[in-house]
Amino acid sequence: MDIQAFKNIWVVIETANGSVKNVDLELINQGKFLAESSGEKVVAIVIGQNVDEAVKTVIAYGADEVIVIEGENYQVYNTDSYSNAVVKLAEKFQPSVLMMGSTNNGRDLLPRVAARLQVGSAADCTAVEVGEDGSIAWTRPIYGGNLLSTVTFTETRPQIGTVRAGSYGKGQPDSGRTAEVIKEVIQTHADQIRTKVLEIIKSVGQGIKLEEAEVVVAGGRGLGSAENVSLMTELADVLGGAVGGTRACIDAGWMAPQLQIGQSGKRISPKLYIGCGISGAIQHIGGITSSDIIVAINKDPDAPIFEIADYGVVGDLFEVVPILIEEIKKVKAR
Ligand SMILES: Cc1cc2nc3c(=O)[nH]c(=O)nc-3n(C[C@H](O)[C@H](O)[C@H](O)COP(=O)(O)OP(=O)(O)OC[C@H]3O[C@@H](n4cnc5c(N)ncnc54)[C@H](O)[C@@H]3O)c2cc1C
């Protein structure tokens with residue numbers, strides 16, 4: 001395989017009701033950094049129907065080129081049609097890197113594409129950097145997050161991997177940016193599609209997704225019991241945000257596992273993170289450092305979280321949080 005023939009950094013975009021997922025915008029931003037070092041382009045792959053808004057968004061966030069595939073069979077994500085489309089595109093354009101968010105769809109799609117192209121793939125990475133030999137160094141936690149391994153593909157292309165949301169920040173959008181948009185027609189015949197989406201049922205009580213939220217209220221062991229998680233929910237509700245927690249809360253069964261923030265949980269990048277009763281262990285901090293503003297409420301003035309917090313309140317969360325909720329309500333009522 002002549003690996004020099006493979007060029008450009010591809011990000012496969014996922015859309016939800018027309019809007020682009022945050023993780024894709026984060027990958028475009030990091031993709032630009034990777035592309036700069038080799039003088040390549042960041043190319044967004046947008047598959048779906050009525051994707052004009054998504055195309056504008058990815059260009060505003062830095063895509064140098066967009067390849068669009070539209071059609072009825074691409075209206076909602078489908079393993080067979082999407083993998084057929086991405087494989088055909090990759091065979092035609094020969095990208096050097098093919099990456100996607102480590103979402104349910106990303107985890108479904110890219111390993112399948114890798115198998116069809118007969119190359120390897122790195123799953124669920126937390127970093128994508130340029131390695132020593134110029135190949136991409138994919139970093140991924142292993143053994144339950146106790147070790148980090150670095151994977152490189154030195155002899156095959158494209159280099160394929162999924163990356164966790166929150167591993168990088170998004171760039172600043174520029175609505176004046178322009179980029180070439182290439183429309184490709186790839187037919188996936190109905191008889192090639194072995195599964196049908198009959199209905200999409202929203203999960204109950206999930207609210208705003210942690211990885212998409214602009215405000216995250218996180219609770220720690222300081223909450224003391226499962227009942228007190230409602231205080232976090234109340235604060236998140238007045239701020240229009242999502243609730244998450246430390247592993248201590250998840251291990252205690254106070255919160256669902258998908259709400260864990262940190263090294264072995266979700267990495268988040270909200271505009272505002274408020275941590276309540278959280279000490280600031282390195283494994284938790286690893287998941288919040290992309291937040292724009294970090295607020296910590298802890299009764300211990302020496303809690304390590306204050307070292308990285310932009311604003312800190314030394315106090316009992318059961319006194320501070322209710323006051324905060326009341327004050328926010330007053331401001332909103334003005
Ligand atoms: C391999 C590995 C992976 C891990 N991955 C993760 C991960 O992804 N995410 C994660 O979060 N952790 C992770 N951990 C666990 C991590 O090391 C910590 O144990 C955990 O983050 C601690 O959670 P905590 O801050 O809620 O609890 P603690 O460290 O016990 O801190 C509780 C804090 O609450 C404060 N407090 C108590 N009562 C109050 C009150 N009434 N008002 C205000 N403050 C109060 C205390 O002063 C204290 O600082 C991992 C550990 C390992 C070994």
# chains A, B, ... in the order shown; residues from 1 in each chain; ligands from 1
>>> residues_near_ligand(ligand="ligand 1", cutoff="9 Å", atoms="only C-alpha atoms and all ligand atoms", output="NGL selection string")
:A and (143-147 or 219-224 or 245-250 or 260-267 or 275-287 or 297-305 or 313-320)
>>> write_last_selection(atoms="C-alpha atoms", output="compact mmCIF listing (two decimals), in the first residue's frame")
# COMPACT_ATOMS: atom_id res chain seq x y z
CA TYR A 143 -8.03 -1.82 31.63
CA GLY A 144 -10.93 0.31 32.91
CA GLY A 145 -8.99 3.54 32.55
CA ASN A 146 -5.99 2.36 34.63
CA LEU A 147 -3.61 2.65 31.66
CA GLY A 219 -22.53 16.17 42.33
CA GLY A 220 -20.00 14.25 44.36
CA ARG A 221 -19.85 12.10 47.48
CA GLY A 222 -20.58 15.27 49.45
CA LEU A 223 -24.23 14.82 48.43
CA GLY A 224 -24.42 12.09 51.04
CA GLY A 245 -21.53 13.11 38.90
CA THR A 246 -18.29 11.62 40.11
CA ARG A 247 -17.54 7.94 40.13
CA ALA A 248 -18.20 7.95 43.89
CA CYS A 249 -21.86 8.82 43.16
CA ILE A 250 -22.13 6.24 40.41
CA GLN A 260 -20.21 9.69 35.23
CA ILE A 261 -17.85 12.50 34.34
CA GLY A 262 -14.12 11.90 34.14
CA GLN A 263 -11.35 9.76 32.82
CA SER A 264 -13.44 6.59 32.72
CA GLY A 265 -16.70 8.46 32.18
CA LYS A 266 -17.67 11.33 29.91
CA ARG A 267 -15.50 14.28 29.04
CA GLY A 275 -19.12 20.91 41.00
CA CYS A 276 -20.82 20.36 44.37
CA GLY A 277 -19.27 18.21 47.09
CA ILE A 278 -16.52 17.05 44.75
CA SER A 279 -12.92 16.80 45.99
CA GLY A 280 -11.26 17.14 42.58
CA ALA A 281 -9.53 13.80 42.04
CA ILE A 282 -7.34 13.76 38.92
CA GLN A 283 -9.65 11.20 37.26
CA HIS A 284 -12.63 13.53 37.61
CA ILE A 285 -10.71 16.67 36.64
CA GLY A 286 -9.61 14.89 33.44
CA GLY A 287 -13.21 15.09 32.28
CA ILE A 297 -18.68 24.36 46.08
CA ASN A 298 -16.92 22.41 48.82
CA LYS A 299 -16.80 22.76 52.60
CA ASP A 300 -13.10 21.88 52.69
CA PRO A 301 -10.98 24.94 51.76
CA ASP A 302 -8.09 22.62 50.88
CA ALA A 303 -10.06 20.50 48.40
CA PRO A 304 -7.91 20.09 45.24
CA ILE A 305 -10.80 21.18 43.00
CA VAL A 313 -17.35 28.74 47.34
CA VAL A 314 -16.11 27.29 50.63
CA GLY A 315 -19.28 26.16 52.31
CA ASP A 316 -21.87 23.48 52.90
CA LEU A 317 -23.54 22.65 49.60
CA PHE A 318 -26.86 22.13 51.40
CA GLU A 319 -26.75 25.80 52.42
CA VAL A 320 -25.13 27.25 49.30
>>> residues_around(residues="region 17-19 of chain A", least_positions_apart="6", cutoff="8 Å", atoms="only C-alpha atoms", output="list of chain:residue names")
A:Asn50, A:Val51, A:Glu53, A:Ala54
>>> write_last_selection(atoms="N, CA and C atoms", output="PDB file, in the first residue's frame")
ATOM      1  N   ASN A  50     -31.740  16.746   3.644  1.00  0.00           N
ATOM      2  CA  ASN A  50     -31.905  18.141   4.071  1.00  0.00           C
ATOM      3  C   ASN A  50     -30.768  18.560   5.010  1.00  0.00           C
ATOM      4  N   VAL A  51     -29.571  18.526   4.500  1.00  0.00           N
ATOM      5  CA  VAL A  51     -28.394  18.734   5.354  1.00  0.00           C
ATOM      6  C   VAL A  51     -27.767  20.126   5.179  1.00  0.00           C
ATOM      7  N   GLU A  53     -28.195  23.026   6.560  1.00  0.00           N
ATOM      8  CA  GLU A  53     -27.792  23.704   7.804  1.00  0.00           C
ATOM      9  C   GLU A  53     -26.523  23.068   8.372  1.00  0.00           C
ATOM     10  N   ALA A  54     -26.490  21.741   8.319  1.00  0.00           N
ATOM     11  CA  ALA A  54     -25.321  21.023   8.847  1.00  0.00           C
ATOM     12  C   ALA A  54     -24.072  21.404   8.048  1.00  0.00           C
TER      13      ALA A  54
END
>>> closest_residue(among="A:Met255, A:Val87, A:Leu117, A:Ile9", to="Ile136 (chain A)", atoms="only C-alpha atoms")
A:Ile9
>>> residues_around(residues="Gln187 (chain A)", least_positions_apart="5", cutoff="12 Å", atoms="only C-alpha atoms", output="count of residues only")
17
>>> residues_around(residues="Ser38 (chain A)", least_positions_apart="2", cutoff="10 Å", atoms="only C-alpha atoms", output="NGL selection string")
:A and (7-8 or 33-36 or 40-41 or 130 or 134)
>>> select_by_dssp(residues="region 277-330 of chain A", states="strand (DSSP E)", output="short mmCIF file (atom, residue, chain, number, x, y, z; two decimals) with N, CA and C atoms, in the first residue's frame")
data_model
loop_
_atom_site.label_atom_id
_atom_site.label_comp_id
_atom_site.auth_asym_id
_atom_site.auth_seq_id
_atom_site.Cartn_x
_atom_site.Cartn_y
_atom_site.Cartn_z
N ILE A 293 -15.89 27.75 32.22
CA ILE A 293 -15.81 28.27 33.59
C ILE A 293 -16.11 27.14 34.57
N ILE A 294 -15.23 26.99 35.55
CA ILE A 294 -15.42 25.94 36.56
C ILE A 294 -15.72 26.59 37.91
N VAL A 295 -16.86 26.20 38.48
CA VAL A 295 -17.25 26.70 39.80
C VAL A 295 -17.24 25.50 40.75
N ALA A 296 -16.64 25.66 41.93
CA ALA A 296 -16.61 24.55 42.89
C ALA A 296 -17.24 24.99 44.21
N ILE A 297 -18.09 24.11 44.75
CA ILE A 297 -18.68 24.36 46.08
C ILE A 297 -18.24 23.19 46.96
N ASN A 298 -17.45 23.48 47.97
CA ASN A 298 -16.92 22.41 48.82
C ASN A 298 -16.67 22.97 50.20
N TYR A 311 -14.03 29.95 40.02
CA TYR A 311 -14.72 30.53 41.17
C TYR A 311 -14.93 29.43 42.20
N GLY A 312 -14.67 29.73 43.46
CA GLY A 312 -14.85 28.71 44.50
C GLY A 312 -15.70 29.24 45.64
N VAL A 313 -16.57 28.39 46.16
CA VAL A 313 -17.35 28.74 47.34
C VAL A 313 -17.00 27.72 48.42
N VAL A 314 -16.39 28.20 49.52
CA VAL A 314 -16.11 27.29 50.63
C VAL A 314 -17.34 27.30 51.52
#
>>> atom_distance(atom1="CA of Pro158 (chain A)", atom2="CA of Glu211 (chain A)")
27.3 Å
>>> closest_residue(among="A:Met232, A:Met1, A:Val113, A:Val42", to="Ile28 (chain A)", atoms="only C-alpha atoms")
A:Val42
>>> residues_around(residues="Ser290 (chain A)", least_positions_apart="5", cutoff="7 Å", atoms="only C-alpha atoms", output="list in words")
Gly166, Tyr168, Gly169, Ile268 and Ser269 of chain A
>>> write_last_selection(atoms="N, CA and C atoms", output="PDB file, in the first residue's frame")
ATOM      1  N   GLY A 166     -15.725  15.787  24.093  1.00  0.00           N
ATOM      2  CA  GLY A 166     -15.079  16.549  25.154  1.00  0.00           C
ATOM      3  C   GLY A 166     -13.569  16.390  25.188  1.00  0.00           C
ATOM      4  N   TYR A 168     -11.585  17.470  22.990  1.00  0.00           N
ATOM      5  CA  TYR A 168     -11.063  18.756  22.504  1.00  0.00           C
ATOM      6  C   TYR A 168     -12.180  19.790  22.565  1.00  0.00           C
ATOM      7  N   GLY A 169     -11.804  21.066  22.527  1.00  0.00           N
ATOM      8  CA  GLY A 169     -12.823  22.118  22.488  1.00  0.00           C
ATOM      9  C   GLY A 169     -13.220  22.401  21.047  1.00  0.00           C
ATOM     10  N   ILE A 268     -16.542  16.413  29.286  1.00  0.00           N
ATOM     11  CA  ILE A 268     -17.549  17.425  28.946  1.00  0.00           C
ATOM     12  C   ILE A 268     -16.864  18.745  28.623  1.00  0.00           C
ATOM     13  N   SER A 269     -17.563  19.596  27.884  1.00  0.00           N
ATOM     14  CA  SER A 269     -16.985  20.908  27.562  1.00  0.00           C
ATOM     15  C   SER A 269     -18.080  21.976  27.596  1.00  0.00           C
TER      16      SER A 269
END
>>> closest_residue(among="A:Asp108, A:Glu234, A:Asp2, A:Asp251", to="Val321 (chain A)", atoms="only C-alpha atoms")
A:Glu234
>>> atom_distance(atom1="CA of Thr103 (chain A)", atom2="CA of Glu91 (chain A)")
23.8 Å
>>> closest_residue(among="A:Leu272, A:Val46, A:Val20, A:Leu324", to="Leu210 (chain A)", atoms="only C-alpha atoms")
A:Leu272
>>> residues_around(residues="region 179-184 of chain A", least_positions_apart="4", cutoff="7 Å", atoms="only C-alpha atoms", output="PyMOL selection string")
chain A and resi 59+64-69
>>> select_by_dssp(residues="region 102-151 of chain A", states="helix (DSSP H, G or I)", output="count of residues only")
17
>>> closest_residue(among="A:Ala123, A:Ala60, A:Val217, A:Arg164", to="Leu27 (chain A)", atoms="only C-alpha atoms")
A:Arg164
>>> atom_distance(atom1="CA of Ala137 (chain A)", atom2="CA of Tyr273 (chain A)")
29.6 Å
>>> decode(residues="region 4-84 of chain A", atoms="C-alpha atoms", output="JSON list (two decimals), in the first residue's frame")
[["chain", "number", "residue", "atom", "x", "y", "z"],
["A", 4, "GLN", "CA", 1.71, 8.60, 0.60],
["A", 5, "ALA", "CA", -1.23, 8.49, -1.83],
["A", 6, "PHE", "CA", -3.69, 8.99, 1.04],
["A", 7, "LYS", "CA", -4.41, 12.62, 1.89],
["A", 8, "ASN", "CA", -6.63, 14.71, 4.16],
["A", 9, "ILE", "CA", -8.30, 14.41, 7.51],
["A", 10, "TRP", "CA", -11.91, 13.31, 7.34],
["A", 11, "VAL", "CA", -14.52, 13.81, 10.03],
["A", 12, "VAL", "CA", -17.78, 11.89, 9.59],
["A", 13, "ILE", "CA", -20.54, 14.20, 10.82],
["A", 14, "GLU", "CA", -23.58, 13.09, 12.76],
["A", 15, "THR", "CA", -26.64, 15.26, 12.73],
["A", 16, "ALA", "CA", -29.53, 15.25, 15.18],
["A", 17, "ASN", "CA", -32.63, 17.05, 13.85],
["A", 18, "GLY", "CA", -30.45, 18.97, 11.43],
["A", 19, "SER", "CA", -27.93, 20.22, 13.99],
["A", 20, "VAL", "CA", -24.38, 18.92, 14.15],
["A", 21, "LYS", "CA", -23.20, 17.09, 17.26],
["A", 22, "ASN", "CA", -20.67, 18.95, 19.39],
["A", 23, "VAL", "CA", -18.16, 16.12, 19.18],
["A", 24, "ASP", "CA", -17.93, 16.57, 15.40],
["A", 25, "LEU", "CA", -17.17, 20.27, 15.78],
["A", 26, "GLU", "CA", -14.51, 19.39, 18.33],
["A", 27, "LEU", "CA", -12.98, 16.90, 15.88],
["A", 28, "ILE", "CA", -12.99, 19.48, 13.07],
["A", 29, "ASN", "CA", -11.07, 21.79, 15.39],
["A", 30, "GLN", "CA", -8.49, 19.14, 16.26],
["A", 31, "GLY", "CA", -8.48, 17.98, 12.62],
["A", 32, "LYS", "CA", -7.31, 21.46, 11.59],
["A", 33, "PHE", "CA", -4.38, 21.14, 13.95],
["A", 34, "LEU", "CA", -3.48, 17.70, 12.51],
["A", 35, "ALA", "CA", -3.91, 18.93, 8.95],
["A", 36, "GLU", "CA", -1.74, 22.01, 9.49],
["A", 37, "SER", "CA", 1.34, 19.94, 10.28],
["A", 38, "SER", "CA", 1.07, 18.05, 6.97],
["A", 39, "GLY", "CA", -0.48, 20.78, 4.80],
["A", 40, "GLU", "CA", -3.64, 18.74, 4.28],
["A", 41, "LYS", "CA", -7.33, 19.64, 4.42],
["A", 42, "VAL", "CA", -10.04, 18.92, 6.95],
["A", 43, "VAL", "CA", -12.94, 17.36, 5.10],
["A", 44, "ALA", "CA", -16.39, 16.94, 6.68],
["A", 45, "ILE", "CA", -18.48, 14.03, 5.44],
["A", 46, "VAL", "CA", -22.17, 14.86, 5.75],
["A", 47, "ILE", "CA", -24.62, 12.07, 5.01],
["A", 48, "GLY", "CA", -28.38, 12.47, 5.34],
["A", 49, "GLN", "CA", -31.34, 14.36, 3.97],
["A", 50, "ASN", "CA", -31.90, 18.14, 4.07],
["A", 51, "VAL", "CA", -28.39, 18.73, 5.35],
["A", 52, "ASP", "CA", -27.91, 22.36, 4.24],
["A", 53, "GLU", "CA", -27.79, 23.70, 7.80],
["A", 54, "ALA", "CA", -25.32, 21.02, 8.85],
["A", 55, "VAL", "CA", -23.09, 21.90, 5.88],
["A", 56, "LYS", "CA", -23.11, 25.60, 6.83],
["A", 57, "THR", "CA", -22.26, 24.72, 10.42],
["A", 58, "VAL", "CA", -19.27, 22.53, 9.61],
["A", 59, "ILE", "CA", -17.88, 25.17, 7.26],
["A", 60, "ALA", "CA", -18.31, 27.88, 9.90],
["A", 61, "TYR", "CA", -16.42, 25.69, 12.38],
["A", 62, "GLY", "CA", -13.48, 25.15, 10.05],
["A", 63, "ALA", "CA", -14.08, 22.40, 7.47],
["A", 64, "ASP", "CA", -11.98, 23.15, 4.35],
["A", 65, "GLU", "CA", -14.14, 20.92, 2.17],
["A", 66, "VAL", "CA", -17.45, 19.12, 2.59],
["A", 67, "ILE", "CA", -18.53, 15.93, 0.85],
["A", 68, "VAL", "CA", -22.29, 15.50, 0.91],
["A", 69, "ILE", "CA", -24.31, 12.38, 0.26],
["A", 70, "GLU", "CA", -28.04, 12.88, 0.33],
["A", 71, "GLY", "CA", -30.89, 10.51, -0.25],
["A", 72, "GLU", "CA", -33.92, 8.80, 1.18],
["A", 73, "ASN", "CA", -31.89, 5.83, 2.37],
["A", 74, "TYR", "CA", -29.71, 8.16, 4.42],
["A", 75, "GLN", "CA", -32.50, 10.03, 6.20],
["A", 76, "VAL", "CA", -31.79, 8.33, 9.53],
["A", 77, "TYR", "CA", -28.62, 6.51, 10.51],
["A", 78, "ASN", "CA", -28.52, 3.00, 9.17],
["A", 79, "THR", "CA", -25.54, 0.66, 9.49],
["A", 80, "ASP", "CA", -25.69, -0.79, 5.98],
["A", 81, "SER", "CA", -26.38, 2.38, 4.00],
["A", 82, "TYR", "CA", -23.95, 4.57, 5.93],
["A", 83, "SER", "CA", -21.11, 2.04, 5.87],
["A", 84, "ASN", "CA", -21.64, 1.48, 2.15]]
